[in-house]
file final.cif (mmCIF, N, CA and C atoms)
data_data
loop_
_atom_site.label_atom_id
_atom_site.label_comp_id
_atom_site.auth_asym_id
_atom_site.auth_seq_id
_atom_site.Cartn_x
_atom_site.Cartn_y
_atom_site.Cartn_z
N VAL J 1 0.85 -1.17 0.00
CA VAL J 1 0.00 0.00 0.00
C VAL J 1 0.89 1.23 0.00
N ASN J 2 0.63 2.11 -0.91
CA ASN J 2 1.43 3.33 -1.01
C ASN J 2 0.59 4.51 -0.54
N VAL J 3 0.97 5.10 0.58
CA VAL J 3 0.26 6.25 1.12
C VAL J 3 1.22 7.42 1.16
N ALA J 4 1.08 8.32 0.22
CA ALA J 4 1.96 9.48 0.15
C ALA J 4 1.53 10.52 1.17
N PRO J 5 2.50 11.15 1.88
CA PRO J 5 2.16 12.17 2.88
C PRO J 5 1.32 13.31 2.31
N SER J 6 1.48 13.60 1.02
CA SER J 6 0.75 14.70 0.41
C SER J 6 -0.74 14.40 0.30
N GLU J 7 -1.12 13.15 0.50
CA GLU J 7 -2.53 12.78 0.40
C GLU J 7 -3.31 13.12 1.66
N GLY J 8 -2.65 13.58 2.70
CA GLY J 8 -3.33 13.92 3.93
C GLY J 8 -3.34 12.77 4.90
N LEU J 9 -4.37 12.71 5.71
CA LEU J 9 -4.48 11.68 6.74
C LEU J 9 -4.73 10.31 6.12
N VAL J 10 -4.22 9.30 6.78
CA VAL J 10 -4.43 7.92 6.35
C VAL J 10 -5.81 7.47 6.82
N THR J 11 -6.57 6.86 5.94
CA THR J 11 -7.90 6.38 6.31
C THR J 11 -7.77 5.06 7.08
N PRO J 12 -8.79 4.69 7.84
CA PRO J 12 -8.74 3.40 8.54
C PRO J 12 -8.51 2.22 7.59
N LEU J 13 -9.14 2.25 6.43
CA LEU J 13 -8.96 1.16 5.46
C LEU J 13 -7.53 1.12 4.94
N GLN J 14 -6.94 2.27 4.68
CA GLN J 14 -5.54 2.31 4.23
C GLN J 14 -4.62 1.76 5.31
N LEU J 15 -4.89 2.12 6.55
CA LEU J 15 -4.06 1.63 7.66
C LEU J 15 -4.19 0.12 7.80
N GLN J 16 -5.41 -0.38 7.69
CA GLN J 16 -5.63 -1.82 7.79
C GLN J 16 -4.88 -2.55 6.66
N ARG J 17 -4.92 -2.02 5.46
CA ARG J 17 -4.21 -2.64 4.33
C ARG J 17 -2.70 -2.58 4.53
N LEU J 18 -2.21 -1.49 5.08
CA LEU J 18 -0.79 -1.32 5.34
C LEU J 18 -0.30 -2.36 6.37
N ILE J 19 -1.08 -2.52 7.42
CA ILE J 19 -0.73 -3.50 8.45
C ILE J 19 -0.77 -4.91 7.89
N LEU J 20 -1.78 -5.22 7.09
CA LEU J 20 -1.89 -6.54 6.48
C LEU J 20 -0.70 -6.81 5.55
N SER J 21 -0.34 -5.82 4.76
CA SER J 21 0.81 -5.96 3.86
C SER J 21 2.09 -6.22 4.64
N PHE J 22 2.30 -5.48 5.71
CA PHE J 22 3.47 -5.66 6.56
C PHE J 22 3.49 -7.06 7.16
N ALA J 23 2.34 -7.49 7.70
CA ALA J 23 2.24 -8.80 8.34
C ALA J 23 2.51 -9.92 7.34
N MET J 24 2.03 -9.77 6.11
CA MET J 24 2.28 -10.78 5.09
C MET J 24 3.75 -10.81 4.69
N THR J 25 4.34 -9.64 4.52
CA THR J 25 5.74 -9.54 4.12
C THR J 25 6.66 -10.20 5.14
N TYR J 26 6.38 -10.00 6.41
CA TYR J 26 7.25 -10.51 7.47
C TYR J 26 6.69 -11.77 8.15
N GLU J 27 5.73 -12.41 7.49
CA GLU J 27 5.14 -13.66 7.98
C GLU J 27 4.67 -13.55 9.43
N LEU J 28 3.91 -12.49 9.70
CA LEU J 28 3.40 -12.22 11.04
C LEU J 28 1.88 -12.25 11.10
N LEU J 29 1.25 -12.96 10.17
CA LEU J 29 -0.21 -12.98 10.13
C LEU J 29 -0.82 -13.69 11.34
N THR J 30 -0.08 -14.61 11.93
CA THR J 30 -0.60 -15.33 13.10
C THR J 30 0.37 -15.21 14.26
N ASN J 31 -0.18 -15.34 15.45
CA ASN J 31 0.67 -15.30 16.65
C ASN J 31 1.19 -16.70 16.96
N ALA J 32 1.85 -16.85 18.09
CA ALA J 32 2.46 -18.13 18.46
C ALA J 32 1.41 -19.24 18.63
N ALA J 33 0.17 -18.85 18.96
CA ALA J 33 -0.90 -19.83 19.14
C ALA J 33 -1.62 -20.15 17.83
N GLY J 34 -1.17 -19.53 16.73
CA GLY J 34 -1.79 -19.77 15.43
C GLY J 34 -3.02 -18.93 15.16
N GLU J 35 -3.29 -17.96 16.04
CA GLU J 35 -4.45 -17.08 15.87
C GLU J 35 -4.09 -15.90 14.96
N MET J 36 -5.07 -15.48 14.15
CA MET J 36 -4.84 -14.34 13.26
C MET J 36 -4.60 -13.07 14.08
N ARG J 37 -3.59 -12.33 13.68
CA ARG J 37 -3.34 -11.03 14.31
C ARG J 37 -4.29 -10.00 13.70
N THR J 38 -4.58 -8.98 14.47
CA THR J 38 -5.44 -7.89 14.01
C THR J 38 -4.69 -6.58 14.22
N PRO J 39 -5.15 -5.51 13.59
CA PRO J 39 -4.51 -4.22 13.88
C PRO J 39 -4.54 -3.90 15.38
N TYR J 40 -5.58 -4.36 16.09
CA TYR J 40 -5.67 -4.11 17.53
C TYR J 40 -4.55 -4.82 18.29
N SER J 41 -4.00 -5.89 17.71
CA SER J 41 -2.89 -6.60 18.34
C SER J 41 -1.71 -5.66 18.59
N LEU J 42 -1.55 -4.67 17.72
CA LEU J 42 -0.45 -3.73 17.87
C LEU J 42 -0.54 -2.94 19.16
N ARG J 43 -1.76 -2.69 19.62
CA ARG J 43 -1.95 -1.95 20.87
C ARG J 43 -1.35 -2.72 22.05
N HIS J 44 -1.59 -4.03 22.06
CA HIS J 44 -1.02 -4.87 23.12
C HIS J 44 0.50 -4.90 23.02
N THR J 45 1.01 -5.04 21.82
CA THR J 45 2.46 -5.07 21.61
C THR J 45 3.08 -3.76 22.08
N TYR J 46 2.45 -2.65 21.75
CA TYR J 46 2.95 -1.34 22.15
C TYR J 46 2.98 -1.22 23.68
N ALA J 47 1.87 -1.58 24.32
CA ALA J 47 1.80 -1.47 25.78
C ALA J 47 2.86 -2.34 26.45
N THR J 48 3.01 -3.56 25.96
CA THR J 48 4.00 -4.47 26.52
C THR J 48 5.41 -3.89 26.38
N ALA J 49 5.73 -3.42 25.18
CA ALA J 49 7.07 -2.86 24.93
C ALA J 49 7.34 -1.65 25.82
N LYS J 50 6.35 -0.78 25.95
CA LYS J 50 6.54 0.42 26.78
C LYS J 50 6.75 0.04 28.25
N LEU J 51 5.97 -0.90 28.75
CA LEU J 51 6.13 -1.32 30.15
C LEU J 51 7.49 -1.99 30.36
N LEU J 52 7.92 -2.78 29.41
CA LEU J 52 9.22 -3.45 29.54
C LEU J 52 10.39 -2.48 29.53
N THR J 53 10.20 -1.33 28.89
CA THR J 53 11.28 -0.33 28.86
C THR J 53 11.18 0.66 30.01
N GLY J 54 10.22 0.41 30.94
CA GLY J 54 10.15 1.23 32.14
C GLY J 54 9.22 2.42 32.10
N THR J 55 8.38 2.52 31.09
CA THR J 55 7.43 3.62 31.03
C THR J 55 6.48 3.53 32.23
N ASP J 56 6.25 4.66 32.86
CA ASP J 56 5.36 4.73 34.01
C ASP J 56 3.94 4.33 33.59
N ILE J 57 3.33 3.45 34.36
CA ILE J 57 2.00 2.94 34.00
C ILE J 57 0.95 4.04 33.99
N HIS J 58 1.10 5.06 34.84
CA HIS J 58 0.15 6.18 34.84
C HIS J 58 0.23 6.95 33.53
N LYS J 59 1.45 7.22 33.08
CA LYS J 59 1.65 7.95 31.83
C LYS J 59 1.15 7.13 30.64
N LEU J 60 1.42 5.83 30.68
CA LEU J 60 1.00 4.96 29.57
C LEU J 60 -0.52 4.90 29.49
N ALA J 61 -1.19 4.79 30.63
CA ALA J 61 -2.66 4.75 30.64
C ALA J 61 -3.23 6.02 30.02
N LYS J 62 -2.67 7.16 30.40
CA LYS J 62 -3.16 8.43 29.86
C LYS J 62 -2.91 8.50 28.35
N GLN J 63 -1.72 8.11 27.93
CA GLN J 63 -1.37 8.17 26.51
C GLN J 63 -2.27 7.26 25.67
N MET J 64 -2.59 6.08 26.21
CA MET J 64 -3.38 5.12 25.46
C MET J 64 -4.89 5.34 25.61
N GLY J 65 -5.27 6.30 26.44
CA GLY J 65 -6.68 6.59 26.61
C GLY J 65 -7.43 5.49 27.34
N THR J 66 -6.78 4.91 28.32
CA THR J 66 -7.40 3.84 29.10
C THR J 66 -7.14 4.10 30.58
N SER J 67 -7.71 3.30 31.41
CA SER J 67 -7.50 3.49 32.85
C SER J 67 -6.27 2.72 33.32
N MET J 68 -5.72 3.19 34.41
CA MET J 68 -4.59 2.49 35.01
C MET J 68 -5.06 1.12 35.50
N ALA J 69 -6.29 1.05 35.98
CA ALA J 69 -6.83 -0.23 36.45
C ALA J 69 -6.87 -1.25 35.31
N ARG J 70 -7.25 -0.81 34.12
CA ARG J 70 -7.31 -1.71 32.97
C ARG J 70 -5.91 -2.22 32.63
N LEU J 71 -4.93 -1.33 32.61
CA LEU J 71 -3.55 -1.75 32.32
C LEU J 71 -3.05 -2.71 33.39
N GLU J 72 -3.33 -2.41 34.64
CA GLU J 72 -2.89 -3.29 35.72
C GLU J 72 -3.54 -4.67 35.59
N ARG J 73 -4.81 -4.69 35.21
CA ARG J 73 -5.53 -5.96 35.05
C ARG J 73 -4.92 -6.78 33.91
N ASN J 74 -4.61 -6.11 32.79
CA ASN J 74 -4.10 -6.82 31.61
C ASN J 74 -2.62 -7.16 31.70
N TYR J 75 -1.86 -6.36 32.44
CA TYR J 75 -0.40 -6.53 32.43
C TYR J 75 0.18 -6.76 33.82
N SER J 76 -0.64 -7.21 34.77
CA SER J 76 -0.15 -7.39 36.13
C SER J 76 0.98 -8.42 36.20
N LYS J 77 0.88 -9.50 35.43
CA LYS J 77 1.96 -10.50 35.44
C LYS J 77 3.26 -9.89 34.92
N LEU J 78 3.13 -9.06 33.91
CA LEU J 78 4.31 -8.43 33.34
C LEU J 78 4.96 -7.49 34.35
N THR J 79 4.17 -6.69 35.04
CA THR J 79 4.75 -5.75 36.00
C THR J 79 5.35 -6.47 37.20
N VAL J 80 4.76 -7.60 37.60
CA VAL J 80 5.34 -8.40 38.68
C VAL J 80 6.70 -8.94 38.25
N MET J 81 6.78 -9.44 37.02
CA MET J 81 8.06 -9.96 36.51
C MET J 81 9.12 -8.86 36.48
N MET J 82 8.71 -7.64 36.13
CA MET J 82 9.65 -6.52 36.09
C MET J 82 10.15 -6.20 37.50
N LYS J 83 9.26 -6.24 38.49
CA LYS J 83 9.64 -5.96 39.88
C LYS J 83 10.63 -7.02 40.39
N VAL J 84 10.38 -8.28 40.05
CA VAL J 84 11.27 -9.36 40.47
C VAL J 84 12.65 -9.13 39.89
N LYS J 85 12.74 -8.74 38.63
CA LYS J 85 14.03 -8.47 38.00
C LYS J 85 14.74 -7.32 38.70
N ASP J 86 13.96 -6.26 39.03
CA ASP J 86 14.55 -5.12 39.73
C ASP J 86 15.13 -5.55 41.08
N LEU J 87 14.37 -6.32 41.83
CA LEU J 87 14.82 -6.76 43.16
C LEU J 87 15.99 -7.73 43.08
N ALA J 88 16.04 -8.51 42.00
CA ALA J 88 17.11 -9.48 41.83
C ALA J 88 18.37 -8.83 41.24
N GLY J 89 18.23 -7.60 40.78
CA GLY J 89 19.38 -6.91 40.19
C GLY J 89 19.72 -7.40 38.80
N VAL J 90 18.76 -7.98 38.12
CA VAL J 90 18.97 -8.50 36.75
C VAL J 90 18.80 -7.39 35.75
#
call {"tool": "encode", "arguments": {"input": "final.cif", "output": "structure tokens"}}
result
Amino acid sequence: VNVAPSEGLVTPLQLQRLILSFAMTYELLTNAAGEMRTPYSLRHTYATAKLLTGTDIHKLAKQMGTSMARLERNYSKLTVMMKVKDLAGV
């Protein structure tokens, strides 16, 4: 999909096609469980990556337009693992 900056904003359909093209090119259409990935999958990947690099959960919740409670519910195992690494000095 070719989306030139001069064309203005990218439409949802253009974005969906761009993500599909990328996923096909890099053989990322399915996850480790064999389930089809969706554009929404990127939101989870983004949140996980940001938390792993130490982004404050309050800031991330605000940036993503969600509640801190929702992030804690979805990523509590991840944040516990991060705390264990911090305490272990890893």
call {"tool": "atom_distance", "arguments": {"input": "final.cif", "atom1": "atom C of Leu51 in chain J", "atom2": "CA of Met68 in chain J"}}
result
13.7 Å
call {"tool": "atom_distance", "arguments": {"input": "final.cif", "atom1": "CA of Ser76 in chain J", "atom2": "CA of Leu28 in chain J"}}
result
25.8 Å
call {"tool": "atom_distance", "arguments": {"input": "final.cif", "atom1": "CA of Leu78 in chain J", "atom2": "atom N of Leu52 in chain J"}}
result
7.8 Å
call {"tool": "residues_around", "arguments": {"input": "final.cif", "residues": "Ala61 in chain J", "least_positions_apart": "4", "cutoff": "12 Å", "atoms": "only C-alpha atoms", "output": "list in words"}}
result
Arg43, Tyr46, Ala47, Lys50, Leu51, Thr55, Asp56, Ile57, Gly65, Thr66, Ser67, Met68, Ala69, Arg70, Leu71, Glu72, Arg73, Asn74 and Tyr75 of chain J
call {"tool": "closest_residue", "arguments": {"input": "final.cif", "among": "J:His58, J:Lys77, J:Pro39, J:Met64", "to": "Leu20 in chain J", "atoms": "only N, CA and C atoms"}}
result
J:Pro39
